Structure formats: structure tokens, C-alpha cells
$ cat structure.cif   # mmCIF, C-alpha atoms and all ligand atoms
data_coords
#
loop_
_atom_site.label_atom_id
_atom_site.label_comp_id
_atom_site.auth_asym_id
_atom_site.auth_seq_id
_atom_site.Cartn_x
_atom_site.Cartn_y
_atom_site.Cartn_z
CA MET H 1359 -19.37 11.73 3.86
CA THR H 1360 -19.79 10.25 0.42
CA ILE H 1361 -18.26 12.06 -2.48
CA LEU H 1362 -20.39 11.73 -5.58
CA ILE H 1363 -18.34 11.91 -8.73
CA PRO H 1364 -19.52 10.72 -12.14
CA GLN H 1365 -17.91 7.43 -13.11
CA PRO H 1366 -16.16 7.50 -16.48
CA GLU H 1367 -16.49 4.62 -18.92
CA LEU H 1368 -13.11 3.22 -18.12
CA SER H 1369 -11.89 -0.06 -16.76
CA GLU H 1370 -8.18 0.40 -16.55
CA GLY H 1371 -5.49 0.20 -13.96
CA HIS H 1372 -2.47 2.41 -13.54
CA ILE H 1373 -1.06 3.01 -16.97
CA ASP H 1374 2.65 3.50 -16.76
CA ASP H 1375 3.75 3.31 -20.35
CA TYR H 1376 0.96 4.79 -22.33
CA ASP H 1377 2.55 5.10 -25.73
CA ALA H 1378 4.59 1.94 -25.80
CA LYS H 1379 3.44 -0.74 -28.18
CA GLU H 1380 3.04 -3.03 -25.22
CA LEU H 1381 1.28 -1.26 -22.43
CA VAL H 1382 2.48 -1.91 -18.92
CA LEU H 1383 0.16 -1.84 -15.98
CA ASP H 1384 1.49 -0.79 -12.61
CA GLY H 1385 -0.12 -3.70 -10.87
CA GLY H 1386 -3.31 -2.09 -12.04
CA PHE H 1387 -6.53 -3.98 -11.79
CA VAL H 1388 -9.82 -3.85 -13.52
CA VAL H 1389 -12.93 -2.67 -11.80
CA PRO H 1390 -16.15 -3.63 -13.56
CA ASN H 1391 -18.65 -0.95 -14.43
CA LYS H 1392 -21.37 -1.14 -11.80
CA THR H 1393 -24.31 -0.94 -14.18
CA GLU H 1394 -23.14 -2.60 -17.35
CA ALA H 1395 -21.55 -5.91 -18.15
CA PHE H 1396 -17.81 -5.60 -18.01
CA ASP H 1397 -16.11 -5.45 -21.38
CA ALA H 1398 -12.57 -6.59 -20.68
CA PRO H 1399 -9.73 -5.30 -22.86
CA GLU H 1400 -7.76 -7.98 -24.71
CA ILE H 1401 -4.73 -8.09 -22.49
CA ASN H 1402 -3.22 -10.67 -20.24
CA SER H 1403 -2.45 -10.25 -16.60
CA PHE H 1404 0.75 -8.38 -17.39
CA GLY H 1405 -0.92 -5.97 -19.76
CA ASN H 1406 1.39 -6.81 -22.61
CA SER H 1407 -0.31 -9.23 -24.90
CA PHE H 1408 -2.97 -8.46 -27.46
CA ARG H 1409 -4.95 -11.02 -29.35
CA ASP H 1410 -5.34 -8.97 -32.47
CA TYR H 1411 -4.94 -5.56 -34.00
CA ASN H 1412 -8.47 -4.49 -33.18
CA ALA H 1413 -7.99 -5.30 -29.53
CA GLU H 1414 -4.88 -3.16 -29.49
CA SER H 1415 -6.52 -0.16 -31.07
CA GLU H 1416 -9.51 -0.57 -28.77
CA ARG H 1417 -7.18 -0.53 -25.83
CA GLN H 1418 -5.38 2.56 -27.01
CA LYS H 1419 -8.72 4.28 -27.35
CA THR H 1420 -9.50 3.31 -23.77
CA VAL H 1421 -6.20 4.73 -22.59
CA GLU H 1422 -6.75 7.94 -24.52
CA GLU H 1423 -10.26 8.30 -23.11
CA PHE H 1424 -8.84 7.77 -19.65
CA TYR H 1425 -6.39 10.65 -20.11
CA ARG H 1426 -9.06 12.87 -21.67
CA GLN H 1427 -11.18 12.47 -18.53
CA GLN H 1428 -8.20 12.91 -16.25
CA HIS H 1429 -6.92 16.05 -17.98
CA ILE H 1430 -10.33 17.71 -17.97
CA ASN H 1431 -11.29 16.91 -14.38
CA GLN H 1432 -8.07 17.24 -12.41
CA THR H 1433 -8.00 20.93 -11.55
CA TYR H 1434 -6.21 22.87 -8.82
CA ASP H 1435 -9.48 23.31 -6.92
CA TYR H 1436 -10.41 19.64 -7.29
CA VAL H 1437 -7.10 18.56 -5.76
CA MET H 1438 -7.46 20.98 -2.86
CA LYS H 1439 -10.95 19.63 -2.20
CA MET H 1440 -9.78 16.01 -2.28
CA ARG H 1441 -6.77 16.69 -0.04
CA GLU H 1442 -9.06 18.28 2.50
CA GLU H 1443 -11.63 15.51 2.35
CA TYR H 1444 -9.14 12.62 2.48
CA GLY H 1445 -6.89 14.43 4.94
CA LYS H 1446 -9.61 13.76 7.52
CA LEU H 1447 -8.60 10.10 7.46
CA ASP H 1448 -12.07 9.07 8.55
CA LYS H 1449 -12.70 6.24 6.09
CA ALA H 1450 -11.21 3.29 7.97
CA VAL H 1451 -8.95 2.15 10.79
CA MET H 1452 -6.67 -0.73 9.84
CA SER H 1453 -3.09 -1.95 9.76
CA ILE H 1454 -0.82 -1.78 6.72
CA TRP H 1455 -1.07 -5.53 6.25
CA GLU H 1456 -4.85 -5.44 6.44
CA CYS H 1457 -4.80 -2.88 3.65
CA CYS H 1458 -2.60 -5.15 1.51
CA GLU H 1459 -5.18 -7.88 1.95
CA LEU H 1460 -8.03 -5.49 1.21
CA LEU H 1461 -6.44 -4.58 -2.10
CA ASN H 1462 -5.91 -8.25 -2.81
CA ASP H 1463 -9.56 -9.07 -2.33
CA VAL H 1464 -10.55 -6.49 -4.93
CA VAL H 1465 -8.42 -8.20 -7.55
CA ASP H 1466 -9.73 -11.64 -6.74
CA ASP H 1467 -13.34 -10.53 -6.88
CA SER H 1468 -13.39 -8.34 -9.90
CA ASP H 1469 -10.75 -9.36 -12.34
CA PRO H 1470 -10.88 -12.80 -13.90
CA ASP H 1471 -8.14 -11.84 -16.36
CA LEU H 1472 -5.56 -11.04 -13.76
CA ASP H 1473 -3.99 -14.30 -12.63
CA GLU H 1474 -1.71 -12.53 -10.22
CA PRO H 1475 -3.17 -10.98 -7.08
CA GLN H 1476 -2.33 -7.36 -6.34
CA ILE H 1477 -0.27 -8.37 -3.32
CA GLN H 1478 2.05 -10.20 -5.71
CA HIS H 1479 2.90 -6.93 -7.49
CA LEU H 1480 3.65 -5.34 -4.13
CA LEU H 1481 5.72 -8.27 -2.86
CA GLN H 1482 7.51 -8.90 -6.16
CA SER H 1483 8.77 -5.32 -6.31
CA ALA H 1484 9.64 -5.36 -2.61
CA GLU H 1485 11.49 -8.69 -2.86
CA ALA H 1486 13.38 -7.61 -6.00
CA ILE H 1487 14.60 -4.45 -4.28
CA ARG H 1488 15.41 -6.42 -1.14
CA LYS H 1489 17.67 -8.69 -3.17
CA ASP H 1490 19.63 -5.79 -4.69
CA TYR H 1491 19.54 -3.42 -1.70
CA PRO H 1492 19.53 -5.76 1.31
CA ASN H 1493 20.42 -3.05 3.82
CA GLU H 1494 17.73 -0.54 2.82
CA ASP H 1495 14.85 -2.10 4.71
CA TRP H 1496 12.85 1.14 4.42
CA LEU H 1497 12.93 0.73 0.64
CA HIS H 1498 11.53 -2.81 0.90
CA LEU H 1499 8.60 -1.52 2.92
CA THR H 1500 8.12 1.45 0.60
CA ALA H 1501 7.71 -0.97 -2.30
CA LEU H 1502 5.19 -3.00 -0.33
CA ILE H 1503 2.98 -0.02 0.43
CA HIS H 1504 3.45 2.26 -2.59
CA ASP H 1505 0.16 1.29 -4.29
CA LEU H 1506 -2.07 0.87 -1.25
CA GLY H 1507 -3.74 4.18 -2.07
CA LYS H 1508 -5.63 2.31 -4.79
CA VAL H 1509 -8.20 1.44 -2.13
CA LEU H 1510 -9.72 4.77 -3.26
CA LEU H 1511 -11.45 2.65 -5.91
CA LEU H 1512 -13.39 0.78 -3.22
CA PRO H 1513 -16.86 1.85 -2.04
CA GLN H 1514 -15.66 2.34 1.55
CA PHE H 1515 -13.18 4.93 0.31
CA GLY H 1516 -15.56 6.86 -1.92
CA GLN H 1517 -15.22 4.60 -4.98
CA LEU H 1518 -13.44 7.31 -6.92
CA PRO H 1519 -13.35 7.14 -10.72
CA GLN H 1520 -10.18 5.75 -12.29
CA TRP H 1521 -9.00 9.18 -13.42
CA ALA H 1522 -8.90 10.24 -9.74
CA VAL H 1523 -6.87 7.22 -8.62
CA VAL H 1524 -4.43 5.96 -11.24
CA GLY H 1525 -2.47 7.11 -14.28
CA ASP H 1526 0.41 9.54 -14.61
CA THR H 1527 0.22 12.57 -12.34
CA PHE H 1528 1.18 16.20 -13.09
CA PRO H 1529 1.47 19.54 -11.27
CA LEU H 1530 -1.39 22.03 -11.17
CA GLY H 1531 -1.15 25.79 -10.69
CA CYS H 1532 1.33 26.19 -13.54
CA ALA H 1533 1.40 25.50 -17.28
CA PHE H 1534 0.81 21.89 -18.36
CA ASP H 1535 4.10 20.71 -19.82
CA GLU H 1536 3.92 19.25 -23.30
CA SER H 1537 5.56 16.04 -22.15
CA ASN H 1538 2.28 15.10 -20.44
CA VAL H 1539 0.67 12.28 -22.38
CA HIS H 1540 -2.26 13.41 -24.56
CA HIS H 1541 -1.44 16.99 -23.68
CA LYS H 1542 -4.08 18.28 -26.13
CA TYR H 1543 -6.91 17.45 -23.71
CA PHE H 1544 -5.71 20.01 -21.19
CA THR H 1545 -7.31 22.69 -23.34
CA ASP H 1546 -10.65 21.58 -21.89
CA ASN H 1547 -9.36 21.85 -18.32
CA PRO H 1548 -10.78 25.01 -16.65
CA ASP H 1549 -7.28 25.78 -15.29
CA PHE H 1550 -5.96 26.03 -18.84
CA LYS H 1551 -7.74 29.35 -19.26
CA ASN H 1552 -6.65 30.73 -15.89
CA PRO H 1553 -3.86 33.26 -16.56
CA ALA H 1554 -2.41 32.73 -13.07
CA TYR H 1555 -1.73 29.08 -13.97
CA SER H 1556 -0.59 29.50 -17.53
CA THR H 1557 3.08 30.43 -17.14
CA LYS H 1558 5.98 28.04 -16.63
CA ASN H 1559 6.18 28.80 -12.90
CA GLY H 1560 2.51 29.69 -12.47
CA ILE H 1561 1.78 30.35 -8.78
CA TYR H 1562 5.13 28.86 -7.71
CA GLU H 1563 8.65 30.11 -7.40
CA GLU H 1564 11.53 28.41 -9.07
CA GLY H 1565 13.17 25.92 -6.72
CA CYS H 1566 10.29 26.09 -4.23
CA GLY H 1567 10.35 22.32 -3.69
CA LEU H 1568 7.77 19.74 -4.77
CA ASP H 1569 6.32 19.76 -1.27
CA ASN H 1570 4.88 23.18 -2.12
CA VAL H 1571 3.52 22.11 -5.50
CA VAL H 1572 -0.03 20.79 -5.92
CA ILE H 1573 -0.01 17.52 -7.87
CA SER H 1574 -3.04 15.85 -9.46
CA TRP H 1575 -4.99 13.68 -7.02
CA GLY H 1576 -4.55 9.92 -6.96
CA HIS H 1577 -3.30 6.87 -5.08
CA ASP H 1578 0.15 8.43 -4.68
CA ASP H 1579 -0.90 11.52 -2.76
CA TYR H 1580 -3.48 9.64 -0.71
CA MET H 1581 -0.97 7.04 0.52
CA TYR H 1582 1.48 9.84 1.26
CA LEU H 1583 -1.16 11.57 3.42
CA VAL H 1584 -1.97 8.33 5.23
CA ALA H 1585 1.69 7.56 5.96
CA LYS H 1586 2.58 11.08 7.03
CA GLU H 1587 -0.48 11.81 9.14
CA ASN H 1588 -0.14 8.49 10.93
CA GLY H 1589 3.36 9.49 11.97
CA THR H 1590 5.43 6.99 10.02
CA THR H 1591 9.13 6.94 10.82
CA LEU H 1592 10.04 6.07 7.23
CA PRO H 1593 12.75 8.39 5.85
CA HIS H 1594 11.93 11.39 3.68
CA ALA H 1595 12.95 9.55 0.51
CA ALA H 1596 10.30 6.89 1.18
CA LEU H 1597 7.55 9.48 1.40
CA PHE H 1598 8.89 11.10 -1.76
CA ILE H 1599 8.73 7.78 -3.63
CA ILE H 1600 5.19 7.09 -2.46
CA ARG H 1601 4.02 10.58 -3.33
CA TYR H 1602 5.62 11.01 -6.73
CA HIS H 1603 6.01 7.54 -8.21
CA SER H 1604 3.40 8.35 -10.91
CA LEU H 1605 4.86 11.78 -11.71
CA TYR H 1606 6.21 10.53 -15.03
CA PRO H 1607 6.46 13.95 -16.74
CA LEU H 1608 9.12 14.75 -14.15
CA HIS H 1609 11.06 11.55 -13.68
CA LYS H 1610 10.75 10.27 -17.24
CA ALA H 1611 10.75 13.45 -19.32
CA GLY H 1612 12.57 15.81 -16.92
CA ALA H 1613 9.74 18.37 -16.98
CA TYR H 1614 8.94 20.59 -13.98
CA LYS H 1615 12.43 20.11 -12.54
CA HIS H 1616 12.74 23.88 -12.09
CA LEU H 1617 10.27 23.51 -9.20
CA MET H 1618 12.47 21.05 -7.32
CA ASN H 1619 14.79 21.95 -4.45
CA GLU H 1620 17.99 20.25 -3.33
CA GLU H 1621 16.26 17.72 -1.12
CA ASP H 1622 14.01 16.72 -4.02
CA GLU H 1623 17.09 16.13 -6.16
CA GLU H 1624 18.45 13.72 -3.57
CA ASP H 1625 15.16 11.91 -3.14
CA LEU H 1626 14.70 11.64 -6.89
CA LYS H 1627 17.76 9.38 -7.06
CA TRP H 1628 15.93 6.85 -4.91
CA LEU H 1629 12.73 7.24 -6.91
CA ASN H 1630 14.61 6.43 -10.10
CA ILE H 1631 15.94 3.27 -8.49
CA PHE H 1632 12.50 2.33 -7.20
CA ASN H 1633 10.82 2.85 -10.56
CA LYS H 1634 12.84 0.15 -12.25
CA TYR H 1635 11.50 -2.37 -9.77
CA ASP H 1636 7.96 -1.04 -9.84
CA LEU H 1637 7.73 -1.51 -13.59
CA TYR H 1638 9.87 -4.50 -14.35
CA SER H 1639 9.69 -6.83 -11.40
CA LYS H 1640 6.43 -8.41 -12.49
CA SER H 1641 6.99 -12.06 -12.90
CA LYS H 1642 5.22 -15.37 -13.20
CA VAL H 1643 7.23 -16.59 -10.21
CA LEU H 1644 4.94 -15.92 -7.31
CA VAL H 1645 6.26 -14.83 -3.94
CA ASP H 1646 5.34 -17.18 -1.11
CA VAL H 1647 3.29 -14.76 0.97
CA ASP H 1648 3.40 -16.82 4.17
CA GLU H 1649 7.17 -17.15 3.94
CA VAL H 1650 7.92 -13.43 3.61
CA LYS H 1651 5.05 -12.12 5.74
CA PRO H 1652 6.99 -12.19 9.06
CA TYR H 1653 9.76 -10.07 7.53
CA TYR H 1654 7.35 -7.42 6.23
CA GLN H 1655 5.35 -7.52 9.45
CA SER H 1656 8.55 -6.67 11.31
CA LEU H 1657 9.17 -3.71 8.97
CA ILE H 1658 5.60 -2.49 9.42
CA LYS H 1659 6.11 -2.67 13.17
CA LYS H 1660 9.36 -0.74 12.88
CA TYR H 1661 7.99 2.13 10.78
CA PHE H 1662 4.26 2.32 11.57
CA THR H 1663 1.85 2.18 14.45
CA GLU H 1664 -0.27 -0.94 14.63
CA LYS H 1665 -3.52 0.64 13.43
CA LEU H 1666 -3.61 3.55 11.00
CA ARG H 1667 -6.39 5.95 10.19
CA TRP H 1668 -7.25 5.93 6.48
FE FE H 1701 3.16 -0.02 -8.54
FE FE H 1702 1.28 3.20 -8.46
#
$ encode --input "structure.cif" --output "C-alpha cells" --more "lines below"
Ligand SMILES: [Fe+2]
Ligand SMILES: [Fe+2]
Amino acid sequence: MTILIPQPELSEGHIDDYDAKELVLDGGFVVPNKTEAFDAPEINSFGNSFRDYNAESERQKTVEEFYRQQHINQTYDYVMKMREEYGKLDKAVMSIWECCELLNDVVDDSDPDLDEPQIQHLLQSAEAIRKDYPNEDWLHLTALIHDLGKVLLLPQFGQLPQWAVVGDTFPLGCAFDESNVHHKYFTDNPDFKNPAYSTKNGIYEEGCGLDNVVISWGHDDYMYLVAKENGTTLPHAALFIIRYHSLYPLHKAGAYKHLMNEEDEEDLKWLNIFNKYDLYSKSKVLVDVDEVKPYYQSLIKKYFTEKLRW
């Protein structure tokens, strides 16, 4: 089944640090508009260099427009619909490594400004964590796979608009916390006017656990579904990292913590560790893919079945 969703006018990857002077992309990549010539923003492959003031303000406008679209379209019902549709896992059958390569191909084909393939972001974060936490092999693999859900941008996976794949995520079914970036745009979200969703707890109970909270749809939740439904043996903290690594209102601003339970608190410690490597391990020093591939293949074998349903 093909899901038809209007494509917004945006060509931006995962925006991790929206209001910083230098914007940081979470290994995000640019997908050209299908019908118009692609108008690339003035940034380098690391998303932190602007040629001039105009380029910077243009870029900030793009980011703001991204969040306007996201805040209007991500509703409780939309997420439930997407979870049901993608929970079928009927889009592809492939191994974890094949998915890494699939993501890589997208970068090579569509983004002349990104001199670092997507697999480098995955491997650089994984290798950086491996160096500091040599015994936590599950964390190395978690880093490798955390962004694989970005295949949602590809035609085979429904070619979802950027606002349904990347960017900061946030809970639905309760009031939108003011720490959400560009919070003002939530007023145009249909959920904003729903009284059941407009209190601090909304439809949830305090301490109910994030597992019971509906979070905006994107690459995080999709990869979580894929890993879980394919019976991964990765520990709970790994699934937590994959599922909530873009939940910046919570792990950066401390919002929504009243919905967490004790297990979430424990897992959050690992997520905070992981985030440092996700954001800051990008480097010009490329990882030799062939050299490290056997190690990651062995981890994939340890924690996943050979072929997964996506
Ligand atoms: Fe990432
Ligand atoms: Fe991500």
C-alpha cells in the first residue's frame, strides 16, 4: 500500500540543534524535491558553515518551516495510523547491513554537498562509543543502527515527507510543552484544540512509562518497531535509545519527565551517553568500512536474525 502524503517544500535532514548559531545535522541528508530543481542550503557536509548572512537566515527559515509543517501535521491520530501501517513490516526483507548500504546509496545519489556518506555517521558514532565503552558491544550496534529508520524517505518505504521522518520528536495526547522548538505552531495542530489532550498529563497517568506514551512519528519509532518486531535480543536500553534519541524536549529540556517510570530513568542514563556521540562524533577522519565491517557483522549476528522484515 502506498501512503500518499503531500510533500512539504523542505530539503533538510535531522535537525538536532535548531536554535544554535551553527546548526548540527544528525547525519541528515538532503533529498531533492522531485519536481523542482534542488535549491541547496549554504552549508557544508557537517551543517555548520555558512557562506554569508543571507544563507544563514535562509536556512533558519527552512528550519522554521520544517517545524511548522511538523507541528501542524503530527497528531495523535496520524501517529496511530502510521504505527499501524508500518507495524505491518511489509515494505522490504533485508539484513541490517543491507539497510546501512541502502541508506548510503541515498546520500551518494542525491547529495553532492555531503562529502561523507551516511554510513560514516553511523560508523563514526559507533566507533567513538566503542573506544570509550569497549565492553558494551550492544551500544556499538545501537549506534550503528539508530538512524536506519531514515529509509522512510525512500520510495520503497512510502517516501514520507521530512516532517514525518526527522527532526525533534514530542509526545502527543497531552499538552505540548513550551520547550518544544517553535512551540507557537502547535496552535494550528488539531490536537491543540482537543480538551482531552490539553492538560499536562492529558490521556496519561503520571509515571505511566514512556512505553505507554504516543510520540510523534519518525525514524526513531520506525526503527524501534523493526528491531522489536523482528525479535532483537538487544537490551531494553538499546531499544530506548533507538526510540527516543530525537526526543529532545525530554532529554535536553527535562520536559515530560513526569510521564517516565523507573525503568525509563535507568535507560535515560544510557541515552544521555549515546547522545554525546551521536552529535559530536562527526569527523573528517573516515572509518575504514572494510576494516570494521567484520566486527559489526558479528554484532548483527549476535543480536538480530539474518533477514529482517521492514
Ligand atoms: Fe544520528
Ligand atoms: Fe536520528
$ atom_distance --input "structure.cif" --atom1 "CA of Asp1579 (chain H)" --atom2 "CA of Val1523 (chain H)"
9.4 Å
$ atom_distance --input "structure.cif" --atom1 "CA of Val1650 (chain H)" --atom2 "CA of Leu1461 (chain H)"
17.8 Å
$ atom_distance --input "structure.cif" --atom1 "CA of Thr1500 (chain H)" --atom2 "CA of Ala1596 (chain H)"
5.9 Å
$ residues_around --input "structure.cif" --residues "Gly1576 (chain H)" --least-positions-apart "6" --cutoff "10 Å" --atoms "only C-alpha atoms" --output "list in words"
Gln1432, Val1437, Met1440, Arg1441, Gly1507, Lys1508, Leu1510, Leu1518, Pro1519, Gln1520, Trp1521, Ala1522, Val1523, Val1524, Gly1525, Asp1526, Thr1527, Arg1601 and Ser1604 of chain H
$ closest_residue --input "structure.cif" --among "H:Phe1528, H:Tyr1562, H:Phe1424, H:Tyr1654" --to "Asp1495 (chain H)" --atoms "all atoms listed in the file"
H:Tyr1654
$ residues_near_point --input "structure.cif" --point "(0.6, -3.4, 9.1)" --cutoff "8 Å" --atoms "all atoms listed in the file" --output "PyMOL selection string"
chain H and resi 1452-1457+1655+1658-1659+1662-1665
$ closest_residue --input "structure.cif" --among "H:Lys1449, H:His1577, H:His1429, H:Lys1551" --to "His1504 (chain H)" --atoms "all atoms listed in the file"
H:His1577
$ closest_residue --input "structure.cif" --among "H:Pro1652, H:His1498, H:Arg1417, H:Leu1605" --to "Ala1486 (chain H)" --atoms "only C-alpha atoms"
H:His1498
$ closest_residue --input "structure.cif" --among "H:Ala1554, H:Ala1484, H:Ala1595, H:Ile1430" --to "Glu1623 (chain H)" --atoms "only C-alpha atoms"
H:Ala1595
